[in-house]
>>> print(open('final09.csv').read())   # CSV, C-alpha atoms
chain,number,residue,atom,x,y,z
M,4,MET,CA,78.7,93.3,102.4
M,5,GLU,CA,77.3,90.0,101.2
M,6,PRO,CA,78.0,89.4,97.5
M,7,VAL,CA,75.2,90.4,95.2
M,8,THR,CA,74.3,89.6,91.6
M,9,LEU,CA,72.9,92.3,89.3
M,10,THR,CA,71.2,92.3,86.0
M,11,SER,CA,70.6,94.8,83.2
M,12,LYS,CA,68.7,94.5,79.9
M,13,ARG,CA,71.3,92.1,78.4
M,14,LEU,CA,73.8,91.4,81.2
M,15,LEU,CA,74.4,89.4,84.3
M,16,LEU,CA,76.9,91.0,86.7
M,17,ARG,CA,78.0,88.5,89.4
M,18,PRO,CA,80.8,88.5,91.9
M,19,LEU,CA,84.2,87.4,90.5
M,20,GLY,CA,85.3,84.2,92.0
M,21,PRO,CA,87.4,81.0,91.5
M,22,GLN,CA,85.1,79.7,88.8
M,23,ASP,CA,86.3,82.6,86.6
M,24,ILE,CA,90.1,81.9,86.8
M,25,ASP,CA,90.4,80.4,83.3
M,26,ALA,CA,88.3,83.2,81.7
M,27,VAL,CA,90.2,85.9,83.5
M,28,TYR,CA,93.5,84.4,82.5
M,29,GLU,CA,92.5,84.2,78.8
M,30,GLY,CA,91.0,87.7,78.7
M,31,ALA,CA,94.0,89.3,80.3
M,32,GLN,CA,96.3,87.8,77.6
M,33,ASP,CA,95.1,90.6,75.4
M,34,PRO,CA,98.0,93.1,74.8
M,35,ALA,CA,95.5,96.0,75.2
M,36,VAL,CA,94.5,94.9,78.6
M,37,GLN,CA,98.1,94.6,79.7
M,38,ARG,CA,99.0,97.9,78.1
M,39,TRP,CA,96.2,100.1,79.4
M,40,THR,CA,95.4,98.6,82.8
M,41,THR,CA,97.5,97.9,85.9
M,42,VAL,CA,97.3,94.0,85.5
M,43,PRO,CA,100.8,92.4,85.6
M,44,SER,CA,102.5,91.9,82.3
M,45,PRO,CA,103.1,89.2,81.4
M,46,TYR,CA,99.8,88.0,83.0
M,47,THR,CA,100.3,84.5,84.4
M,48,ARG,CA,97.9,81.8,85.5
M,49,GLU,CA,99.1,82.4,89.0
M,50,ASP,CA,98.0,86.1,88.7
M,51,ALA,CA,94.5,85.0,87.7
M,52,GLU,CA,94.3,82.4,90.5
M,53,ALA,CA,95.4,85.1,93.0
M,54,PHE,CA,93.0,87.7,91.8
M,55,ALA,CA,89.8,85.7,90.9
M,56,GLY,CA,90.5,83.0,93.5
M,57,LYS,CA,91.4,85.0,96.5
M,58,ILE,CA,91.7,88.8,96.2
M,59,ALA,CA,88.3,89.6,94.6
M,60,PRO,CA,86.3,87.3,96.9
M,61,GLU,CA,88.1,88.6,100.1
M,62,SER,CA,87.6,92.3,99.0
M,63,TRP,CA,83.8,91.7,99.2
M,64,THR,CA,84.3,90.7,102.8
M,65,THR,CA,86.4,93.7,103.7
M,66,GLY,CA,84.3,96.2,101.7
M,67,THR,CA,87.4,97.5,99.9
M,68,GLU,CA,86.3,96.5,96.4
M,69,TYR,CA,83.3,94.9,94.7
M,70,CYS,CA,84.5,93.1,91.6
M,71,PHE,CA,82.0,91.8,89.1
M,72,ALA,CA,82.4,89.3,86.2
M,73,ILE,CA,80.1,90.3,83.4
M,74,PHE,CA,78.3,87.8,81.2
M,75,PRO,CA,75.4,87.7,78.7
M,76,LYS,CA,72.1,87.5,80.7
M,77,ASP,CA,71.1,84.3,78.9
M,78,GLY,CA,74.5,82.6,79.3
M,79,GLY,CA,77.7,82.8,77.5
M,80,PRO,CA,81.4,83.7,77.9
M,81,LEU,CA,83.0,86.4,80.1
M,82,LEU,CA,82.5,89.8,78.5
M,83,ALA,CA,84.3,92.1,81.0
M,84,LEU,CA,85.4,92.7,84.5
M,85,MET,CA,84.4,95.7,86.5
M,86,GLY,CA,85.1,96.8,90.0
M,87,VAL,CA,84.1,99.5,92.4
M,88,MET,CA,86.9,100.4,94.9
M,89,ALA,CA,86.4,102.5,98.0
M,90,ARG,CA,88.2,105.8,98.0
M,91,GLY,CA,87.1,107.5,101.2
M,92,THR,CA,83.9,108.7,102.7
M,93,GLY,CA,81.2,108.6,100.0
M,94,ALA,CA,83.6,108.2,97.1
M,95,ALA,CA,84.6,105.3,95.0
M,96,GLU,CA,86.6,104.6,91.8
M,97,ILE,CA,85.4,102.3,89.1
M,98,GLY,CA,87.7,100.3,86.9
M,99,PHE,CA,87.1,97.8,84.1
M,100,TRP,CA,88.4,95.9,81.1
M,101,ALA,CA,86.6,94.1,78.3
M,102,VAL,CA,87.4,90.9,76.6
M,103,ALA,CA,88.8,91.9,73.1
M,104,GLU,CA,86.2,90.0,71.0
M,105,HIS,CA,83.3,91.5,72.9
M,106,ARG,CA,84.3,95.2,72.6
M,107,GLY,CA,82.2,97.6,70.5
M,108,HIS,CA,78.8,96.1,71.4
M,109,GLY,CA,77.9,98.4,74.3
M,110,TYR,CA,78.3,95.7,77.0
M,111,THR,CA,80.8,97.6,79.1
M,112,THR,CA,78.8,100.8,78.9
M,113,GLU,CA,75.6,99.0,79.9
M,114,ALA,CA,77.4,97.3,82.8
M,115,LEU,CA,79.0,100.6,84.0
M,116,GLY,CA,75.6,102.2,84.1
M,117,ARG,CA,74.1,99.4,86.1
M,118,LEU,CA,77.0,99.2,88.5
M,119,ALA,CA,76.9,103.0,89.0
M,120,ARG,CA,73.2,102.9,90.0
M,121,TRP,CA,74.0,100.1,92.4
M,122,ALA,CA,76.9,102.0,94.0
M,123,PHE,CA,74.7,105.1,94.4
M,124,THR,CA,71.7,103.4,95.8
M,125,GLU,CA,73.2,100.5,97.8
M,126,LEU,CA,76.6,101.7,98.8
M,127,GLY,CA,75.7,105.3,99.5
M,128,ILE,CA,78.4,106.6,97.1
M,129,ASP,CA,78.1,110.3,96.3
M,130,ARG,CA,81.0,110.5,93.7
M,131,LEU,CA,82.1,107.7,91.4
M,132,GLU,CA,85.4,108.4,89.7
M,133,TRP,CA,86.8,106.9,86.5
M,134,ARG,CA,90.5,107.1,85.7
M,135,ALA,CA,92.4,106.0,82.7
M,136,GLU,CA,95.9,106.5,81.3
M,137,VAL,CA,95.9,109.4,78.8
M,138,GLY,CA,95.5,107.8,75.4
M,139,ASN,CA,93.1,105.0,76.5
M,140,THR,CA,90.4,106.3,74.2
M,141,GLY,CA,88.3,103.1,74.4
M,142,SER,CA,87.9,103.5,78.2
M,143,ARG,CA,87.2,107.2,77.8
M,144,LYS,CA,84.4,106.5,75.3
M,145,VAL,CA,82.8,103.9,77.6
M,146,ALA,CA,82.9,106.3,80.6
M,147,GLU,CA,81.5,109.3,78.6
M,148,LYS,CA,78.7,107.1,77.1
M,149,ALA,CA,77.8,106.0,80.6
M,150,GLY,CA,77.4,109.7,81.6
M,151,PHE,CA,80.8,110.5,83.3
M,152,THR,CA,82.1,114.0,82.9
M,153,VAL,CA,85.8,114.1,82.1
M,154,GLU,CA,87.2,116.7,84.5
M,155,GLY,CA,90.8,116.9,83.4
M,156,THR,CA,94.2,115.4,83.2
M,157,LEU,CA,96.2,114.5,86.3
M,158,ARG,CA,100.0,114.6,85.8
M,159,GLY,CA,101.9,111.5,87.0
M,160,ALA,CA,98.8,110.3,88.9
M,161,MET,CA,98.8,106.7,87.7
M,162,LEU,CA,101.4,104.2,88.7
M,163,ASN,CA,101.6,101.4,86.1
M,164,LYS,CA,104.4,98.9,85.6
M,165,GLY,CA,106.9,100.9,87.5
M,166,THR,CA,106.3,104.3,85.9
M,167,ARG,CA,104.2,107.3,86.7
M,168,ARG,CA,101.8,108.2,83.9
M,169,ASP,CA,99.3,111.0,83.2
M,170,SER,CA,95.7,110.0,83.6
M,171,TRP,CA,92.3,111.3,82.7
M,172,VAL,CA,89.8,111.7,85.5
M,173,GLY,CA,86.1,111.8,85.3
M,174,ALA,CA,83.2,111.6,87.7
M,175,LEU,CA,79.6,110.6,87.9
M,176,LEU,CA,77.3,111.9,90.6
M,177,PRO,CA,73.9,110.5,91.6
M,178,SER,CA,72.2,113.7,90.3
M,179,ASP,CA,73.7,112.9,86.8
M,180,LEU,CA,71.4,109.8,86.8
M,181,GLY,CA,68.4,111.6,88.4
M,182,LEU,CA,69.1,109.9,91.8
M,183,PRO,CA,69.3,111.6,95.2
M,184,GLY,CA,72.7,111.8,96.9
M,185,ALA,CA,73.5,110.8,100.4
M,186,LEU,CA,74.7,114.3,101.0
M,187,PRO,CA,73.6,117.6,99.4
M,188,TYR,CA,75.8,118.8,96.5
M,189,LEU,CA,76.6,122.5,96.2
M,190,PRO,CA,78.2,123.2,92.8
M,191,ALA,CA,80.6,126.1,92.4
M,192,GLN,CA,79.1,129.4,91.3
M,193,SER,CA,80.4,130.7,88.0
>>> encode(input="final09.csv", output="structure tokens")
Amino acid sequence: MEPVTLTSKRLLLRPLGPQDIDAVYEGAQDPAVQRWTTVPSPYTREDAEAFAGKIAPESWTTGTEYCFAIFPKDGGPLLALMGVMARGTGAAEIGFWAVAEHRGHGYTTEALGRLARWAFTELGIDRLEWRAEVGNTGSRKVAEKAGFTVEGTLRGAMLNKGTRRDSWVGALLPSDLGLPGALPYLPAQS
């Protein structure tokens, strides 16, 4: 897929690239980003160069991940990173982290909602999953505010920094946003 730029009421979501190396490096120095996400710790400039300079742009080409840098629509600093990763036919996982000083303003929730709509309408996704290590209440609040249903806890499902950790899992379906799905959905009968 050709890289695309998206907008929402307050935000610009554009493909992450080499121009973002410095901002990614700075944002990933936050101890919370290193604690709750799978970024390397310590996070080096070389890590930022590899991810923003090579991995993220190449993943657009291969269709394995679509990583966006999120900024204020009218210009300003990096607010967050968010990516949609392919997880099989019609399914994807979304991951994100927010720059510390920009948390609590609803930016990540707004970006998540916009990116979910794009994934459903342009990528043909029928199930968008969110996962976070148990205890990452900030990530969980963002996902729930964006409409995700937390479905449970998966034991040892997350590999992070050499250990298996329990993770929460949630999902958003196109019908949750009033959108048609690529395939019909038949919920279980109670």
>>> residues_near_point(input="final09.csv", point="(84.0, 111.6, 84.0)", cutoff="12 Å", atoms="only C-alpha atoms", output="count of residues only")
31
>>> closest_residue(input="final09.csv", among="M:Gln192, M:Thr64, M:Asn139, M:Thr8", to="Val36 of chain M", atoms="all atoms listed in the file")
M:Asn139
>>> closest_residue(input="final09.csv", among="M:Leu182, M:Met161, M:Val42, M:Val137", to="Phe123 of chain M", atoms="only C-alpha atoms")
M:Leu182
>>> residues_near_point(input="final09.csv", point="(96.9, 97.0, 81.1)", cutoff="10 Å", atoms="only C-alpha atoms", output="JSON, numbers by chain")
{"M": [31, 32, 33, 34, 35, 36, 37, 38, 39, 40, 41, 42, 43, 44, 45, 46, 100, 136, 139, 163, 164]}
>>> atom_distance(input="final09.csv", atom1="atom CA of Ala122 of chain M", atom2="atom CA of Ser62 of chain M")
15.3 Å
>>> atom_distance(input="final09.csv", atom1="atom CA of Ile128 of chain M", atom2="atom CA of Phe99 of chain M")
17.9 Å
>>> closest_residue(input="final09.csv", among="M:Ala101, M:Ala51, M:Ile24, M:Ala59", to="Leu84 of chain M", atoms="all atoms listed in the file")
M:Ala101
>>> atom_distance(input="final09.csv", atom1="atom CA of Trp121 of chain M", atom2="atom CA of Leu9 of chain M")
8.5 Å
>>> build_atoms(input="final09.csv", residues="segment 136-147 of chain M", atoms="all heavy atoms", output="PDB file, keeping the file's coordinate frame")
ATOM      1  N   GLU M 136      94.651 105.929  81.839  1.00  0.00           N
ATOM      2  CA  GLU M 136      95.900 106.500  81.300  1.00  0.00           C
ATOM      3  C   GLU M 136      95.523 107.361  80.075  1.00  0.00           C
ATOM      4  O   GLU M 136      94.724 106.935  79.229  1.00  0.00           O
ATOM      5  CB  GLU M 136      96.902 105.477  80.979  1.00  0.00           C
ATOM      6  CG  GLU M 136      98.219 106.071  80.547  1.00  0.00           C
ATOM      7  CD  GLU M 136      99.278 105.017  80.249  1.00  0.00           C
ATOM      8  OE1 GLU M 136      99.198 103.900  80.787  1.00  0.00           O
ATOM      9  OE2 GLU M 136     100.189 105.348  79.457  1.00  0.00           O
ATOM     10  N   VAL M 137      96.123 108.550  79.970  1.00  0.00           N
ATOM     11  CA  VAL M 137      95.900 109.400  78.800  1.00  0.00           C
ATOM     12  C   VAL M 137      96.257 108.580  77.555  1.00  0.00           C
ATOM     13  O   VAL M 137      97.309 107.943  77.491  1.00  0.00           O
ATOM     14  CB  VAL M 137      96.755 110.684  78.875  1.00  0.00           C
ATOM     15  CG1 VAL M 137      96.690 111.458  77.571  1.00  0.00           C
ATOM     16  CG2 VAL M 137      96.272 111.562  80.038  1.00  0.00           C
ATOM     17  N   GLY M 138      95.341 108.560  76.601  1.00  0.00           N
ATOM     18  CA  GLY M 138      95.500 107.800  75.400  1.00  0.00           C
ATOM     19  C   GLY M 138      94.584 106.584  75.304  1.00  0.00           C
ATOM     20  O   GLY M 138      94.356 106.043  74.223  1.00  0.00           O
ATOM     21  N   ASN M 139      94.033 106.163  76.440  1.00  0.00           N
ATOM     22  CA  ASN M 139      93.100 105.000  76.500  1.00  0.00           C
ATOM     23  C   ASN M 139      91.733 105.484  76.031  1.00  0.00           C
ATOM     24  O   ASN M 139      90.817 105.612  76.832  1.00  0.00           O
ATOM     25  CB  ASN M 139      93.105 104.363  77.839  1.00  0.00           C
ATOM     26  CG  ASN M 139      92.345 103.063  77.863  1.00  0.00           C
ATOM     27  OD1 ASN M 139      91.636 102.722  76.922  1.00  0.00           O
ATOM     28  ND2 ASN M 139      92.490 102.341  78.961  1.00  0.00           N
ATOM     29  N   THR M 140      91.606 105.744  74.743  1.00  0.00           N
ATOM     30  CA  THR M 140      90.400 106.300  74.200  1.00  0.00           C
ATOM     31  C   THR M 140      89.176 105.378  74.314  1.00  0.00           C
ATOM     32  O   THR M 140      88.044 105.830  74.460  1.00  0.00           O
ATOM     33  CB  THR M 140      90.548 106.785  72.753  1.00  0.00           C
ATOM     34  OG1 THR M 140      90.978 105.659  71.973  1.00  0.00           O
ATOM     35  CG2 THR M 140      91.565 107.906  72.652  1.00  0.00           C
ATOM     36  N   GLY M 141      89.413 104.073  74.285  1.00  0.00           N
ATOM     37  CA  GLY M 141      88.300 103.100  74.400  1.00  0.00           C
ATOM     38  C   GLY M 141      87.659 103.247  75.799  1.00  0.00           C
ATOM     39  O   GLY M 141      86.432 103.299  75.912  1.00  0.00           O
ATOM     40  N   SER M 142      88.468 103.312  76.839  1.00  0.00           N
ATOM     41  CA  SER M 142      87.900 103.500  78.200  1.00  0.00           C
ATOM     42  C   SER M 142      87.213 104.800  78.330  1.00  0.00           C
ATOM     43  O   SER M 142      86.135 104.877  78.929  1.00  0.00           O
ATOM     44  CB  SER M 142      89.079 103.383  79.209  1.00  0.00           C
ATOM     45  OG  SER M 142      88.573 103.503  80.522  1.00  0.00           O
ATOM     46  N   ARG M 143      87.785 105.829  77.757  1.00  0.00           N
ATOM     47  CA  ARG M 143      87.200 107.200  77.800  1.00  0.00           C
ATOM     48  C   ARG M 143      85.798 107.172  77.167  1.00  0.00           C
ATOM     49  O   ARG M 143      84.844 107.740  77.696  1.00  0.00           O
ATOM     50  CB  ARG M 143      88.088 108.222  77.240  1.00  0.00           C
ATOM     51  CG  ARG M 143      87.523 109.620  77.383  1.00  0.00           C
ATOM     52  CD  ARG M 143      88.503 110.670  76.928  1.00  0.00           C
ATOM     53  NE  ARG M 143      87.898 111.980  76.979  1.00  0.00           N
ATOM     54  CZ  ARG M 143      88.568 113.099  77.171  1.00  0.00           C
ATOM     55  NH1 ARG M 143      89.876 113.070  77.314  1.00  0.00           N
ATOM     56  NH2 ARG M 143      87.933 114.252  77.210  1.00  0.00           N
ATOM     57  N   LYS M 144      85.696 106.550  76.001  1.00  0.00           N
ATOM     58  CA  LYS M 144      84.400 106.500  75.300  1.00  0.00           C
ATOM     59  C   LYS M 144      83.353 105.790  76.135  1.00  0.00           C
ATOM     60  O   LYS M 144      82.202 106.229  76.207  1.00  0.00           O
ATOM     61  CB  LYS M 144      84.555 105.810  73.941  1.00  0.00           C
ATOM     62  CG  LYS M 144      85.234 106.654  72.904  1.00  0.00           C
ATOM     63  CD  LYS M 144      85.387 105.877  71.595  1.00  0.00           C
ATOM     64  CE  LYS M 144      86.215 106.671  70.602  1.00  0.00           C
ATOM     65  NZ  LYS M 144      86.458 105.910  69.364  1.00  0.00           N
ATOM     66  N   VAL M 145      83.722 104.680  76.762  1.00  0.00           N
ATOM     67  CA  VAL M 145      82.800 103.900  77.600  1.00  0.00           C
ATOM     68  C   VAL M 145      82.312 104.841  78.754  1.00  0.00           C
ATOM     69  O   VAL M 145      81.110 104.939  79.030  1.00  0.00           O
ATOM     70  CB  VAL M 145      83.420 102.645  78.155  1.00  0.00           C
ATOM     71  CG1 VAL M 145      82.578 102.043  79.275  1.00  0.00           C
ATOM     72  CG2 VAL M 145      83.622 101.640  77.036  1.00  0.00           C
ATOM     73  N   ALA M 146      83.248 105.493  79.433  1.00  0.00           N
ATOM     74  CA  ALA M 146      82.900 106.300  80.600  1.00  0.00           C
ATOM     75  C   ALA M 146      81.967 107.492  80.138  1.00  0.00           C
ATOM     76  O   ALA M 146      80.947 107.759  80.782  1.00  0.00           O
ATOM     77  CB  ALA M 146      84.152 106.892  81.237  1.00  0.00           C
ATOM     78  N   GLU M 147      82.304 108.150  79.035  1.00  0.00           N
ATOM     79  CA  GLU M 147      81.500 109.300  78.600  1.00  0.00           C
ATOM     80  C   GLU M 147      80.089 108.799  78.153  1.00  0.00           C
ATOM     81  O   GLU M 147      79.085 109.459  78.467  1.00  0.00           O
ATOM     82  CB  GLU M 147      82.176 110.014  77.442  1.00  0.00           C
ATOM     83  CG  GLU M 147      83.375 110.803  77.933  1.00  0.00           C
ATOM     84  CD  GLU M 147      84.143 111.503  76.823  1.00  0.00           C
ATOM     85  OE1 GLU M 147      84.253 110.955  75.705  1.00  0.00           O
ATOM     86  OE2 GLU M 147      84.631 112.615  77.087  1.00  0.00           O
TER      87      GLU M 147
END
